[in-house]
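Q: Structure file run-v6.txt (compact mmCIF, C-alpha atoms) is given on the next line.
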```
# COMPACT_ATOMS: atom_id res chain seq x y z
CA MET G 191 9.09 -14.68 -5.75
CA ARG G 192 10.64 -12.94 -8.73
CA LYS G 193 9.84 -15.81 -11.09
CA ARG G 194 6.23 -15.77 -9.92
CA ALA G 195 6.02 -12.03 -10.54
CA GLU G 196 7.65 -12.38 -13.97
CA SER G 197 5.24 -15.11 -14.97
CA ASP G 198 2.27 -13.07 -13.75
CA ALA G 199 3.47 -9.96 -15.55
CA GLU G 200 3.76 -11.93 -18.78
CA THR G 201 0.27 -13.38 -18.37
CA TYR G 202 -1.27 -9.93 -18.01
CA GLY G 203 0.93 -8.15 -20.52
CA TYR G 204 2.89 -6.06 -18.00
CA ILE G 205 6.60 -5.76 -17.28
CA LEU G 206 8.32 -5.68 -13.91
CA ASN G 207 9.80 -2.40 -12.70
CA PRO G 208 12.66 -1.56 -15.07
CA SER G 209 14.92 -0.31 -12.27
CA GLN G 210 16.78 -3.39 -11.06
CA LYS G 211 17.63 -1.75 -7.73
CA PHE G 212 14.01 -0.80 -7.08
CA LEU G 213 12.81 -4.23 -8.22
CA LYS G 214 15.27 -5.98 -5.89
CA ALA G 215 13.99 -3.90 -2.97
CA LEU G 216 10.38 -4.76 -3.83
CA ILE G 217 11.09 -8.48 -4.05
CA GLU G 218 12.99 -8.35 -0.74
CA GLY G 219 10.01 -6.56 0.84
CA LEU G 220 7.59 -9.16 -0.48
CA LYS G 221 9.79 -11.97 0.85
CA ARG G 222 10.00 -10.31 4.24
CA ASN G 223 6.23 -9.94 4.40
CA GLU G 224 5.77 -13.57 3.42
CA GLU G 225 8.07 -14.56 6.29
CA ARG G 226 6.28 -12.23 8.70
CA TYR G 227 2.65 -12.87 7.81
CA GLY G 228 2.69 -16.10 5.84
CA TYR G 229 1.69 -14.32 2.64
CA PRO G 230 3.42 -11.77 0.41
CA SER G 231 1.41 -8.64 1.17
CA CYS G 232 2.25 -5.41 -0.63
CA PRO G 233 5.62 -4.11 0.61
CA CYS G 234 4.30 -0.53 0.42
CA ARG G 235 1.24 -1.11 2.58
CA LEU G 236 1.00 -1.95 6.26
CA ALA G 237 -0.59 -5.39 6.63
CA SER G 238 -2.65 -6.27 9.69
CA GLY G 239 -1.35 -9.83 9.88
CA ILE G 240 -4.92 -11.15 9.63
CA PHE G 241 -5.32 -12.96 6.34
CA GLU G 242 -9.02 -12.12 5.84
CA HIS G 243 -8.27 -8.41 6.19
CA ASP G 244 -5.13 -8.43 4.09
CA LYS G 245 -6.39 -10.56 1.21
CA ASP G 246 -6.93 -7.56 -1.04
CA ILE G 247 -3.32 -6.39 -0.62
CA ILE G 248 -1.60 -9.72 -1.21
CA CYS G 249 0.57 -9.33 -4.28
CA PRO G 250 -0.69 -9.08 -6.97
CA CYS G 251 -3.18 -6.90 -5.12
CA GLU G 252 -6.79 -6.33 -6.13
CA TYR G 253 -5.94 -2.81 -7.22
CA ARG G 254 -3.10 -3.66 -9.59
CA ASP G 255 -5.03 -3.86 -12.84
CA PRO G 256 -7.00 -0.60 -12.50
CA ASP G 257 -3.84 1.17 -11.24
CA VAL G 258 -1.73 -0.07 -14.14
CA GLU G 259 -4.49 0.95 -16.54
CA GLU G 260 -4.92 4.44 -15.08
CA PHE G 261 -1.42 5.32 -13.88
CA GLY G 262 0.85 2.96 -15.82
CA ALA G 263 2.02 1.18 -12.68
CA CYS G 264 0.60 -0.55 -9.63
CA TYR G 265 0.71 1.04 -6.17
CA CYS G 266 4.17 -0.26 -5.26
CA ALA G 267 5.32 -0.07 -8.93
CA LEU G 268 6.26 -3.76 -9.16
CA TYR G 269 4.07 -4.08 -12.26
CA VAL G 270 4.46 -1.47 -14.96
CA ARG G 271 2.69 -0.96 -18.27
CA GLU G 272 5.02 -1.73 -21.14
CA ASP G 273 4.41 1.53 -23.00
CA ARG G 274 5.63 3.49 -19.96
CA GLU G 275 9.07 1.94 -20.33
CA LYS G 276 9.09 2.47 -24.10
CA ASP G 277 8.07 6.11 -23.70
CA GLY G 278 10.71 6.58 -21.01
CA ILE G 279 8.17 7.95 -18.54
CA GLN G 280 9.49 7.77 -15.00
CA VAL G 281 7.30 5.70 -12.72
CA GLN G 282 5.80 7.75 -9.88
CA GLN G 283 4.17 6.53 -6.70
CA VAL G 284 0.48 6.19 -7.52
CA PRO G 285 -2.35 7.26 -5.20
CA GLU G 286 -3.89 4.70 -2.86
CA ARG G 287 -6.96 3.05 -4.35
CA ARG G 288 -7.68 0.72 -1.43
CA PRO G 289 -11.02 1.84 0.06
CA LEU G 290 -10.81 3.54 3.45
CA ASN G 291 -13.25 1.11 5.05
CA LYS G 292 -10.94 -1.80 4.20
CA GLN G 293 -7.97 0.04 5.69
CA GLN G 294 -10.03 0.88 8.74
CA ARG G 295 -11.19 -2.69 9.12
CA ALA G 296 -7.63 -3.99 8.89
CA TYR G 297 -5.96 -1.47 11.16
CA ASN G 298 -8.54 -1.48 13.93
CA ILE G 299 -7.82 -5.08 14.72
CA THR G 300 -4.80 -6.20 16.65
CA VAL G 301 -3.03 -9.42 15.73
CA GLY G 302 -3.76 -11.98 18.43
CA ASP G 303 -6.38 -9.74 20.02
CA LYS G 304 -9.40 -9.56 17.82
CA THR G 305 -11.11 -6.76 19.70
CA LYS G 306 -11.66 -3.50 17.95
CA THR G 307 -9.86 -0.43 19.28
CA SER G 308 -11.59 2.90 19.62
CA THR G 309 -9.85 4.77 16.80
CA SER G 310 -12.48 6.40 14.65
CA THR G 311 -14.57 3.31 14.00
CA SER G 312 -17.54 5.56 14.59
CA THR G 313 -17.12 7.01 11.10
CA PHE G 314 -17.96 3.59 9.63
CA SER G 315 -21.05 1.51 10.16
CA GLN G 316 -20.57 -2.06 11.36
CA GLU G 317 -22.08 -3.16 8.06
CA SER G 318 -19.25 -1.53 6.11
CA LEU G 319 -16.68 -3.25 8.34
CA ASP G 320 -18.04 -6.78 7.89
CA ILE G 321 -16.63 -9.00 5.20
CA LYS G 322 -19.40 -9.94 2.82
CA LEU G 323 -18.40 -12.74 0.51
CA ARG G 324 -20.38 -12.91 -2.70
CA LEU G 325 -20.47 -15.01 -5.82
CA HIS G 326 -19.50 -13.16 -8.99
CA TYR G 327 -19.40 -14.47 -12.52
CA CYS G 328 -17.61 -13.23 -15.60
CA LYS G 329 -20.22 -12.29 -18.18
CA GLN G 330 -17.78 -13.11 -20.95
CA CYS G 331 -16.49 -16.59 -20.03
CA GLY G 332 -18.64 -17.69 -17.08
CA TYR G 333 -15.77 -17.95 -14.56
CA VAL G 334 -17.16 -17.82 -11.01
CA VAL G 335 -15.40 -16.36 -7.97
CA PHE G 336 -16.47 -16.28 -4.31
CA ARG G 337 -15.01 -13.18 -2.73
CA GLU G 338 -15.81 -9.74 -1.41
CA ASP G 339 -15.19 -7.81 -4.61
CA PRO G 340 -14.89 -9.20 -8.12
CA PRO G 341 -11.52 -9.04 -9.86
CA TYR G 342 -11.04 -6.09 -12.21
CA THR G 343 -9.64 -8.39 -14.89
CA CYS G 344 -10.99 -11.91 -15.35
CA PRO G 345 -8.05 -14.28 -14.67
CA ILE G 346 -9.36 -16.69 -17.31
CA CYS G 347 -10.42 -14.64 -20.34
CA LYS G 348 -8.77 -11.31 -19.28
CA ALA G 349 -11.98 -9.35 -19.88
CA LYS G 350 -12.06 -6.14 -17.85
CA LYS G 351 -14.94 -5.05 -15.62
CA MET G 352 -17.13 -7.90 -16.83
CA PHE G 353 -18.17 -9.41 -13.49
CA ALA G 354 -21.74 -9.47 -12.26
CA GLU G 355 -22.95 -10.56 -8.85
CA ILE G 356 -24.87 -13.77 -8.27
CA LYS G 357 -27.32 -12.87 -5.52
CA THR G 358 -26.16 -14.88 -2.48
CA VAL G 359 -24.53 -13.30 0.58
CA THR G 360 -22.37 -14.82 3.30
CA THR G 361 -21.25 -12.53 6.10
CA LEU G 362 -18.27 -13.18 8.35
CA HIS G 363 -18.94 -11.24 11.55
CA GLY G 364 -16.39 -10.05 14.05
CA LEU G 365 -13.23 -10.92 12.20
CA MET T 68 8.47 3.73 19.57
CA LYS T 69 11.91 3.64 18.00
CA ILE T 70 12.63 7.03 16.46
CA VAL T 71 15.86 7.11 14.47
CA LYS T 72 17.58 10.46 14.00
CA VAL T 73 19.62 11.08 10.88
CA SER T 74 21.91 14.10 11.19
CA GLY T 75 22.27 16.63 8.42
CA LYS T 76 23.65 20.13 7.87
CA ASN T 77 20.21 21.51 7.10
CA ASN T 78 18.21 21.47 10.33
CA LYS T 79 15.98 24.49 9.74
CA HIS T 80 12.87 22.32 9.80
CA ARG T 81 11.81 19.42 11.96
CA VAL T 82 11.26 16.57 9.53
CA LEU T 83 9.65 13.32 10.61
CA VAL T 84 9.09 10.37 8.27
CA TYR T 85 6.71 7.52 9.01
CA ALA T 86 7.97 4.72 6.81
CA LEU T 87 7.70 1.00 6.15
CA SER T 88 10.94 -0.97 6.23
CA THR T 89 9.81 -3.03 3.24
CA CYS T 90 8.84 -0.10 1.00
CA PRO T 91 11.26 1.14 -1.69
CA TRP T 92 9.42 4.49 -1.92
CA CYS T 93 10.14 5.01 1.78
CA ARG T 94 13.80 4.14 1.16
CA LEU T 95 13.94 6.64 -1.70
CA THR T 96 12.50 9.30 0.60
CA LYS T 97 15.09 8.64 3.30
CA GLN T 98 17.86 8.59 0.72
CA PHE T 99 16.64 11.83 -0.84
CA LEU T 100 16.59 13.60 2.53
CA LYS T 101 20.04 12.24 3.37
CA ASP T 102 21.47 13.27 -0.01
CA SER T 103 19.94 16.73 0.48
CA GLU T 104 21.66 16.91 3.88
CA ILE T 105 18.36 17.40 5.65
CA GLU T 106 18.30 16.45 9.29
CA TYR T 107 15.34 14.15 9.89
CA GLU T 108 13.85 11.51 12.11
CA TYR T 109 12.09 8.39 10.98
CA VAL T 110 9.97 5.60 12.39
CA ASP T 111 9.57 2.26 10.65
CA VAL T 112 5.89 1.78 11.42
CA ASP T 113 5.89 -1.94 10.61
CA PHE T 114 8.24 -2.55 13.56
CA CYS T 115 6.00 -0.68 16.01
CA VAL T 116 3.73 -2.27 18.59
CA GLU T 117 -0.01 -1.82 18.06
CA GLU T 118 -0.27 0.96 20.66
CA ASP T 119 2.36 3.02 18.83
CA MET T 120 0.76 2.27 15.47
CA ASN T 121 -2.49 3.73 16.82
CA LYS T 122 -0.65 6.87 17.99
CA ILE T 123 0.96 7.22 14.58
CA ARG T 124 -2.36 6.80 12.78
CA LYS T 125 -3.94 9.44 15.02
CA HIS T 126 -1.03 11.80 14.35
CA ILE T 127 -1.45 11.31 10.57
CA PHE T 128 -5.24 11.73 10.66
CA ASN T 129 -4.98 14.83 12.90
CA LEU T 130 -2.86 16.50 10.23
CA GLY T 131 -5.36 15.51 7.55
CA GLY T 132 -3.18 12.80 6.06
CA LYS T 133 -3.88 9.36 4.68
CA LEU T 134 -2.31 6.03 5.59
CA THR T 135 -0.13 6.07 2.49
CA TYR T 136 3.53 5.58 3.30
CA PRO T 137 5.92 7.30 3.40
CA VAL T 138 4.28 10.07 5.41
CA ILE T 139 6.54 13.12 5.68
CA ILE T 140 5.66 15.61 8.40
CA ILE T 141 7.39 18.97 8.40
CA ASP T 142 7.40 21.12 11.54
CA ASP T 143 4.40 19.10 12.74
CA LYS T 144 2.24 21.18 10.39
CA ILE T 145 2.70 20.13 6.79
CA LEU T 146 2.06 16.53 5.81
CA ILE T 147 3.08 14.96 2.53
CA ASN T 148 1.74 11.54 1.60
CA GLY T 149 4.03 9.45 -0.58
CA PHE T 150 7.40 10.22 -2.11
CA ARG T 151 6.65 13.54 -3.86
CA ARG T 152 10.11 14.85 -4.55
CA GLU T 153 9.06 18.24 -5.90
CA GLN T 154 6.63 18.88 -3.08
CA ILE T 155 9.25 17.98 -0.47
CA LYS T 156 11.78 20.24 -2.17
CA GLU T 157 9.31 23.12 -2.26
CA VAL T 158 8.35 22.84 1.40
CA LEU T 159 11.97 22.47 2.54
CA GLY T 160 13.14 25.27 0.25
CA LEU T 161 15.62 23.09 -1.66
```
Would you mind writing the file's structure down as structure tokens?

A:
Amino acid sequence: MRKRAESDAETYGYILNPSQKFLKALIEGLKRNEERYGYPSCPCRLASGIFEHDKDIICPCEYRDPDVEEFGACYCALYVREDREKDGIQVQQVPERRPLNKQQRAYNITVGDKTKTSTSTSTFSQESLDIKLRLHYCKQCGYVVFREDPPYTCPICKAKKMFAEIKTVTTLHGL
Amino acid sequence: MKIVKVSGKNNKHRVLVYALSTCPWCRLTKQFLKDSEIEYEYVDVDFCVEEDMNKIRKHIFNLGGKLTYPVIIIDDKILINGFRREQIKEVLGL
């Protein structure tokens, strides 16, 4: 787990959390989540246990790159911007960027019982709770992904915010 | 719901922490409260059954909070999302 994180940090030009104690706790949390859910979801977020609903919070989460760019660290602070360490700025817990409708979608569904509970679903339309998979392409290198939201950083050419949608929609109802 | 009580000399306020067992920020919060000798209770939400998770979410929403752990609730009135050391100190008068 740690090697994977180190390799990923190097690829994207980040460092892992400089506090060894904190880093150890994060890695342990990721391992525990991998054992529990079958995937290493963010140790600082509550996963639903349903892969389709937790995909965006599997480490490295979808929100890592914009969080590192804006706050100098990702949500759990596993990945840290190098200049933060150099400048000796203490890493703080960053605000949650995960959209509320994704949280709502994940938490309203019980593992093993895929019926929605009554908790405040009324504030969201069914449309916002469906998973709409779309094709996106990187305008810089042409890399194509099929997912709900495009990555912030292209995994191939590392261009930021360069994805455009290819107009095709697939909807997964009732997950 | 398993509520764990941690004793401390300072029990002026009722402090409840909703935490995740896997989250280092939640651990820091618990450690900070313990080091400050604050009496508090905590619930590791990831060990709760779905029914209790729903109750916890309702409790957090009713106090205007977000589902960002740790959630620190003081006297069932003031809610702090995340490990905000200074804010916790201010509310608890430390």

Q: Counting all atoms listed in the file, which residues of chain G fall within 7 Å of chain T, and what is the closest atom pair for each with its distance in Å at one decimal, ordered by chain and rising number, as a tab-separated table?

A:
```
residue	atom	partner	partner_atom	distance
G:Phe212	CA	T:Pro91	CA	6.4
G:Ala215	CA	T:Pro91	CA	5.9
G:Leu216	CA	T:Pro91	CA	6.3
G:Gly219	CA	T:Thr89	CA	4.3
G:Pro233	CA	T:Thr89	CA	5.1
G:Cys234	CA	T:Cys90	CA	4.6
G:Leu236	CA	T:Asp113	CA	6.5
G:Gln283	CA	T:Phe150	CA	6.7
G:Glu286	CA	T:Thr135	CA	6.7
G:Thr300	CA	T:Glu117	CA	6.6
```

Q: Taking into account only C-alpha atoms, which residue in the set G:Asp339, G:Glu272, G:Glu224, G:Asp320 is nearest to Tyr204 (chain G)?

A: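 Under the stated criterion, the closest residue is G:Glu272.
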
Q: In Å, rounded to a single decimal, give me how far CA of Tyr265 (chain G) is from CA of Val158 (chain T).

A: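 Atom-to-atom, CA of Val158 (chain T) and CA of Tyr265 (chain G) are spaced 24.3 Å apart.
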
Q: Between CA of Asp255 (chain G) and CA of Glu218 (chain G), what is the distance, to one decimal in Å?

A: 22.2 Å

Q: So that I can check the surroundings of Leu161 (chain T), please list as a PyMOL selection string every protein, DNA and RNA residue that reaches within 12 Å of it, counting all atoms listed in the file and ignoring chain neighbours fewer than 5 positions away.

A: chain T and resi 77+79-80+99-100+102-105+152-156

Q: If we count only C-alpha atoms and set the cut-off at 8 Å, which residues sit around Ile141 (chain T), ignoring sequence neighbours fewer than 4 positions away in its own chain? Please answer as a PyMOL selection string.

A: chain T and resi 80-83+145-146
